[in-house]
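Worksheet: the structure to be examined is printed underneath.
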Amino acid sequence: NPNEWQWAHAMNNNIRELAQMFNEEARATDSKFRVLIMEFSDFTTQVHWANARTILDPTNKTLAYPNLDHPNVSNPDYGLGGNFLFDRFKPWHREDRHPHSIPTVCSRMLDNFVDNNGVERRNCKRNAIMRDGLHWCESSVGPRYHAGLACLLGCVYNTNSVSLEGDLSGCERACNKQFMSLVPLDESWLNAGTTLFSTSAA
């Protein structure tokens, strides 16, 4: 529900602040430990938003959410405007006990059906992102997840000529911008032999 969504948004901000405080203290005490954040929640919100903008109604001619614009991802609070994500099936939808978010699990809407209790319910064809509303489809979301994690590890282990006082935060931002978003991949990152954020020839 919206209250839980706001709570999760606040918790994510708290985690970012804690990471920043930890890193500042680590620099002040000459500690080699650092905390980097992978913005997976931001990525998945963008995925659901983009999916919702493509869902067709049962006629297959018009959009189910025709007035939904692109998210303004430059605004750190843009996700709080995603009230459409709470458009859910009714509980006990067919075999499902969990009332799924339609923008989360659907690829297009199907004709309504009447259940065994005579209640008319909505129906949809499931997508290849999160079919059950709980688990991510590895083939769809996994590549960016793993690339984002590898990129952040590269920030730490492949920057041979950059000390821990170097721009780790800039490296973290670049990884999240490239992989934890729907931005098309920069092809220069895909060249043969590329080592993410390596500053050495090795």
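Identifiers in this document derive from the order of the structure tokens: chains are assigned A, B, ..., residues are numbered from 1 separately in each chain, and ligands are numbered from 1 in order of occurrence.
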
Just want the 7 Å neighbourhood of stretch 105-114 of chain A, counted on only C-alpha atoms, with same-chain residues fewer than 6 positions away dropped. Output as a PyMOL selection string. chain A and resi 55-58+120-127+130-133

Going by DSSP on the backbone, which bits of chain A are strand (DSSP E)? Write them as a VMD selection string, please. chain A and resid 106 to 114 120 to 126

Keeping only N, CA, C and O atoms, take the residues you just selected and write them out as an mmCIF file, in the first residue's frame.
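Wrote it out as selection_20.cif, contents follow:
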```cif
data_model
loop_
_atom_site.group_PDB
_atom_site.id
_atom_site.type_symbol
_atom_site.label_atom_id
_atom_site.label_comp_id
_atom_site.auth_asym_id
_atom_site.auth_seq_id
_atom_site.Cartn_x
_atom_site.Cartn_y
_atom_site.Cartn_z
ATOM 1 N N CYS A 106 1.677 -8.179 -15.367
ATOM 2 C CA CYS A 106 0.924 -8.328 -16.624
ATOM 3 C C CYS A 106 1.687 -7.787 -17.826
ATOM 4 O O CYS A 106 2.455 -6.830 -17.721
ATOM 5 N N SER A 107 1.460 -8.414 -18.976
ATOM 6 C CA SER A 107 1.967 -7.881 -20.238
ATOM 7 C C SER A 107 0.834 -7.270 -21.067
ATOM 8 O O SER A 107 1.038 -6.303 -21.790
ATOM 9 N N ARG A 108 -0.367 -7.842 -20.961
ATOM 10 C CA ARG A 108 -1.559 -7.237 -21.549
ATOM 11 C C ARG A 108 -2.794 -7.790 -20.852
ATOM 12 O O ARG A 108 -2.793 -8.895 -20.330
ATOM 13 N N MET A 109 -3.830 -6.983 -20.846
ATOM 14 C CA MET A 109 -5.061 -7.384 -20.172
ATOM 15 C C MET A 109 -5.873 -8.318 -21.066
ATOM 16 O O MET A 109 -5.841 -8.201 -22.298
ATOM 17 N N LEU A 110 -6.583 -9.241 -20.430
ATOM 18 C CA LEU A 110 -7.490 -10.149 -21.121
ATOM 19 C C LEU A 110 -8.921 -9.841 -20.696
ATOM 20 O O LEU A 110 -9.156 -9.025 -19.805
ATOM 21 N N ASP A 111 -9.875 -10.490 -21.334
ATOM 22 C CA ASP A 111 -11.275 -10.269 -20.964
ATOM 23 C C ASP A 111 -11.511 -10.692 -19.517
ATOM 24 O O ASP A 111 -10.894 -11.637 -19.013
ATOM 25 N N ASN A 112 -12.404 -9.971 -18.857
ATOM 26 C CA ASN A 112 -12.771 -10.341 -17.488
ATOM 27 C C ASN A 112 -13.398 -11.727 -17.467
ATOM 28 O O ASN A 112 -13.914 -12.210 -18.477
ATOM 29 N N PHE A 113 -13.352 -12.353 -16.312
ATOM 30 C CA PHE A 113 -13.994 -13.660 -16.160
ATOM 31 C C PHE A 113 -14.817 -13.650 -14.875
ATOM 32 O O PHE A 113 -14.630 -12.791 -14.002
ATOM 33 N N VAL A 114 -15.732 -14.596 -14.759
ATOM 34 C CA VAL A 114 -16.554 -14.736 -13.564
ATOM 35 C C VAL A 114 -16.082 -15.966 -12.802
ATOM 36 O O VAL A 114 -16.014 -17.060 -13.360
ATOM 37 N N GLU A 120 -17.143 -11.049 -10.863
ATOM 38 C CA GLU A 120 -16.394 -10.717 -12.071
ATOM 39 C C GLU A 120 -15.001 -10.217 -11.688
ATOM 40 O O GLU A 120 -14.857 -9.342 -10.831
ATOM 41 N N ARG A 121 -14.014 -10.770 -12.342
ATOM 42 C CA ARG A 121 -12.633 -10.421 -12.027
ATOM 43 C C ARG A 121 -11.849 -10.102 -13.299
ATOM 44 O O ARG A 121 -12.173 -10.591 -14.374
ATOM 45 N N ARG A 122 -10.822 -9.308 -13.108
ATOM 46 C CA ARG A 122 -9.940 -8.986 -14.230
ATOM 47 C C ARG A 122 -8.933 -10.109 -14.445
ATOM 48 O O ARG A 122 -8.649 -10.901 -13.548
ATOM 49 N N ASN A 123 -8.356 -10.121 -15.636
ATOM 50 C CA ASN A 123 -7.423 -11.179 -15.994
ATOM 51 C C ASN A 123 -6.370 -10.587 -16.921
ATOM 52 O O ASN A 123 -6.600 -9.557 -17.565
ATOM 53 N N CYS A 124 -5.236 -11.228 -17.008
ATOM 54 C CA CYS A 124 -4.195 -10.712 -17.901
ATOM 55 C C CYS A 124 -3.259 -11.834 -18.313
ATOM 56 O O CYS A 124 -3.202 -12.903 -17.691
ATOM 57 N N LYS A 125 -2.518 -11.570 -19.374
ATOM 58 C CA LYS A 125 -1.417 -12.434 -19.776
ATOM 59 C C LYS A 125 -0.184 -11.992 -19.002
ATOM 60 O O LYS A 125 0.140 -10.805 -18.971
ATOM 61 N N ARG A 126 0.494 -12.934 -18.374
ATOM 62 C CA ARG A 126 1.630 -12.587 -17.531
ATOM 63 C C ARG A 126 2.844 -12.181 -18.359
ATOM 64 O O ARG A 126 3.018 -12.606 -19.507
#
```

Backbone-only DSSP, alpha helix (DSSP H) members of stretch 45-181 of chain A, as a ChimeraX atom specification: /A:45-52,102-105,138-157,168-179

Neighbours of stretch 12-20 of chain A within 12 Å (only C-alpha atoms; same-chain residues fewer than 3 positions away dropped), as an NGL selection string? :A and (5-9 or 23-27 or 33-42 or 76-77 or 79 or 168-169 or 172)

Could you save the residues just selected, with N, CA, C and O atoms, as an mmCIF file, in the first residue's frame?
```
data_model
loop_
_atom_site.group_PDB
_atom_site.id
_atom_site.type_symbol
_atom_site.label_atom_id
_atom_site.label_comp_id
_atom_site.auth_asym_id
_atom_site.auth_seq_id
_atom_site.Cartn_x
_atom_site.Cartn_y
_atom_site.Cartn_z
ATOM 1 N N TRP A 5 4.954 1.807 0.789
ATOM 2 C CA TRP A 5 5.816 2.299 -0.290
ATOM 3 C C TRP A 5 6.641 3.489 0.190
ATOM 4 O O TRP A 5 7.846 3.572 -0.069
ATOM 5 N N GLN A 6 5.991 4.414 0.913
ATOM 6 C CA GLN A 6 6.706 5.566 1.454
ATOM 7 C C GLN A 6 7.726 5.135 2.504
ATOM 8 O O GLN A 6 8.830 5.692 2.580
ATOM 9 N N TRP A 7 7.354 4.137 3.322
ATOM 10 C CA TRP A 7 8.283 3.625 4.321
ATOM 11 C C TRP A 7 9.516 3.032 3.656
ATOM 12 O O TRP A 7 10.658 3.296 4.082
ATOM 13 N N ALA A 8 9.327 2.233 2.606
ATOM 14 C CA ALA A 8 10.459 1.628 1.893
ATOM 15 C C ALA A 8 11.342 2.704 1.265
ATOM 16 O O ALA A 8 12.574 2.598 1.283
ATOM 17 N N HIS A 9 10.714 3.746 0.713
ATOM 18 C CA HIS A 9 11.469 4.852 0.118
ATOM 19 C C HIS A 9 12.323 5.534 1.186
ATOM 20 O O HIS A 9 13.505 5.831 0.956
ATOM 21 N N ASN A 23 31.439 5.790 5.128
ATOM 22 C CA ASN A 23 32.605 6.075 4.292
ATOM 23 C C ASN A 23 33.352 7.313 4.772
ATOM 24 O O ASN A 23 34.585 7.365 4.713
ATOM 25 N N GLU A 24 32.626 8.316 5.257
ATOM 26 C CA GLU A 24 33.284 9.513 5.794
ATOM 27 C C GLU A 24 34.102 9.162 7.032
ATOM 28 O O GLU A 24 35.234 9.625 7.203
ATOM 29 N N GLU A 25 33.522 8.327 7.912
ATOM 30 C CA GLU A 25 34.244 7.904 9.108
ATOM 31 C C GLU A 25 35.440 7.041 8.741
ATOM 32 O O GLU A 25 36.516 7.144 9.363
ATOM 33 N N ALA A 26 35.281 6.190 7.725
ATOM 34 C CA ALA A 26 36.387 5.333 7.289
ATOM 35 C C ALA A 26 37.555 6.164 6.775
ATOM 36 O O ALA A 26 38.720 5.861 7.061
ATOM 37 N N ARG A 27 37.253 7.202 6.016
ATOM 38 C CA ARG A 27 38.330 8.073 5.523
ATOM 39 C C ARG A 27 39.016 8.792 6.683
ATOM 40 O O ARG A 27 40.246 8.944 6.699
ATOM 41 N N PHE A 33 37.945 -0.061 4.651
ATOM 42 C CA PHE A 33 36.599 -0.539 4.353
ATOM 43 C C PHE A 33 35.743 0.582 3.776
ATOM 44 O O PHE A 33 35.822 1.734 4.213
ATOM 45 N N ARG A 34 34.914 0.223 2.791
ATOM 46 C CA ARG A 34 33.972 1.169 2.196
ATOM 47 C C ARG A 34 32.654 0.458 1.924
ATOM 48 O O ARG A 34 32.613 -0.772 1.769
ATOM 49 N N VAL A 35 31.571 1.208 1.844
ATOM 50 C CA VAL A 35 30.256 0.677 1.500
ATOM 51 C C VAL A 35 29.790 1.341 0.211
ATOM 52 O O VAL A 35 29.762 2.578 0.118
ATOM 53 N N LEU A 36 29.451 0.521 -0.788
ATOM 54 C CA LEU A 36 28.895 1.029 -2.039
ATOM 55 C C LEU A 36 27.452 0.542 -2.158
ATOM 56 O O LEU A 36 27.121 -0.556 -1.718
ATOM 57 N N ILE A 37 26.619 1.349 -2.762
ATOM 58 C CA ILE A 37 25.193 1.056 -2.893
ATOM 59 C C ILE A 37 24.862 0.681 -4.333
ATOM 60 O O ILE A 37 25.243 1.392 -5.268
ATOM 61 N N MET A 38 24.173 -0.436 -4.512
ATOM 62 C CA MET A 38 23.630 -0.787 -5.821
ATOM 63 C C MET A 38 22.136 -0.459 -5.805
ATOM 64 O O MET A 38 21.381 -1.014 -5.004
ATOM 65 N N GLU A 39 21.709 0.437 -6.681
ATOM 66 C CA GLU A 39 20.342 0.964 -6.652
ATOM 67 C C GLU A 39 19.357 0.026 -7.362
ATOM 68 O O GLU A 39 18.682 0.411 -8.319
ATOM 69 N N PHE A 40 19.251 -1.201 -6.840
ATOM 70 C CA PHE A 40 18.367 -2.180 -7.455
ATOM 71 C C PHE A 40 16.898 -1.767 -7.342
ATOM 72 O O PHE A 40 16.109 -2.001 -8.255
ATOM 73 N N SER A 41 16.521 -1.169 -6.229
ATOM 74 C CA SER A 41 15.122 -0.758 -6.073
ATOM 75 C C SER A 41 14.736 0.301 -7.091
ATOM 76 O O SER A 41 13.620 0.292 -7.620
ATOM 77 N N ASP A 42 15.665 1.213 -7.382
ATOM 78 C CA ASP A 42 15.397 2.240 -8.392
ATOM 79 C C ASP A 42 15.237 1.601 -9.767
ATOM 80 O O ASP A 42 14.345 1.948 -10.544
ATOM 81 N N PRO A 76 14.773 12.458 -7.243
ATOM 82 C CA PRO A 76 14.995 11.274 -6.403
ATOM 83 C C PRO A 76 13.725 10.719 -5.764
ATOM 84 O O PRO A 76 13.707 9.575 -5.321
ATOM 85 N N ASP A 77 12.659 11.515 -5.741
ATOM 86 C CA ASP A 77 11.401 11.060 -5.148
ATOM 87 C C ASP A 77 10.370 10.666 -6.203
ATOM 88 O O ASP A 77 9.183 10.538 -5.886
ATOM 89 N N GLY A 79 9.617 7.937 -7.553
ATOM 90 C CA GLY A 79 8.904 6.689 -7.300
ATOM 91 C C GLY A 79 7.664 6.861 -6.443
ATOM 92 O O GLY A 79 6.736 6.045 -6.517
ATOM 93 N N LEU A 168 35.574 6.918 -5.578
ATOM 94 C CA LEU A 168 34.730 5.728 -5.517
ATOM 95 C C LEU A 168 33.267 6.085 -5.680
ATOM 96 O O LEU A 168 32.499 5.335 -6.285
ATOM 97 N N SER A 169 32.872 7.225 -5.138
ATOM 98 C CA SER A 169 31.464 7.627 -5.255
ATOM 99 C C SER A 169 31.097 7.903 -6.704
ATOM 100 O O SER A 169 29.989 7.589 -7.143
ATOM 101 N N GLU A 172 30.695 4.543 -8.297
ATOM 102 C CA GLU A 172 29.415 3.985 -7.865
ATOM 103 C C GLU A 172 28.264 4.592 -8.671
ATOM 104 O O GLU A 172 27.379 3.871 -9.154
#
```

Between atom CA of A:Val119 and atom CA of A:His100, what is the distance, to one decimal in Å?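 One can read the atom CA of A:Val119 to atom CA of A:His100 distance as 17.4 Å.
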
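Here the question is which of A:Asn51, A:Asn60, A:Gln46, A:Thr104 gets nearest to A:Val183 using only C-alpha atoms, and that residue is A:Gln46.
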
For A:Pro103, the closest of A:Tyr157, A:Trp189, A:Phe179, A:Phe86 counting only C-alpha atoms is A:Phe86

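Distance-wise, atom CA of A:Arg173 and atom CA of A:Asn158 end up 16.1 Å apart.
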
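Minimum atom-to-atom distances from A:Ile102, A:Met180, A:Cys151, A:Cys171 to A:Arg88 were compared using only C-alpha atoms, and the lowest value belongs to A:Ile102.
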
Hey, what's within 10 Å of A:Leu68 if we count only C-alpha atoms and toss same-chain stuff fewer than 6 positions away? As a ChimeraX atom specification, please? /A:49-50,52-54,82,84

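Closest to A:His70 among A:Asp87, A:Asp115, A:Thr45, A:Thr29 is A:Thr45, based on only C-alpha atoms.
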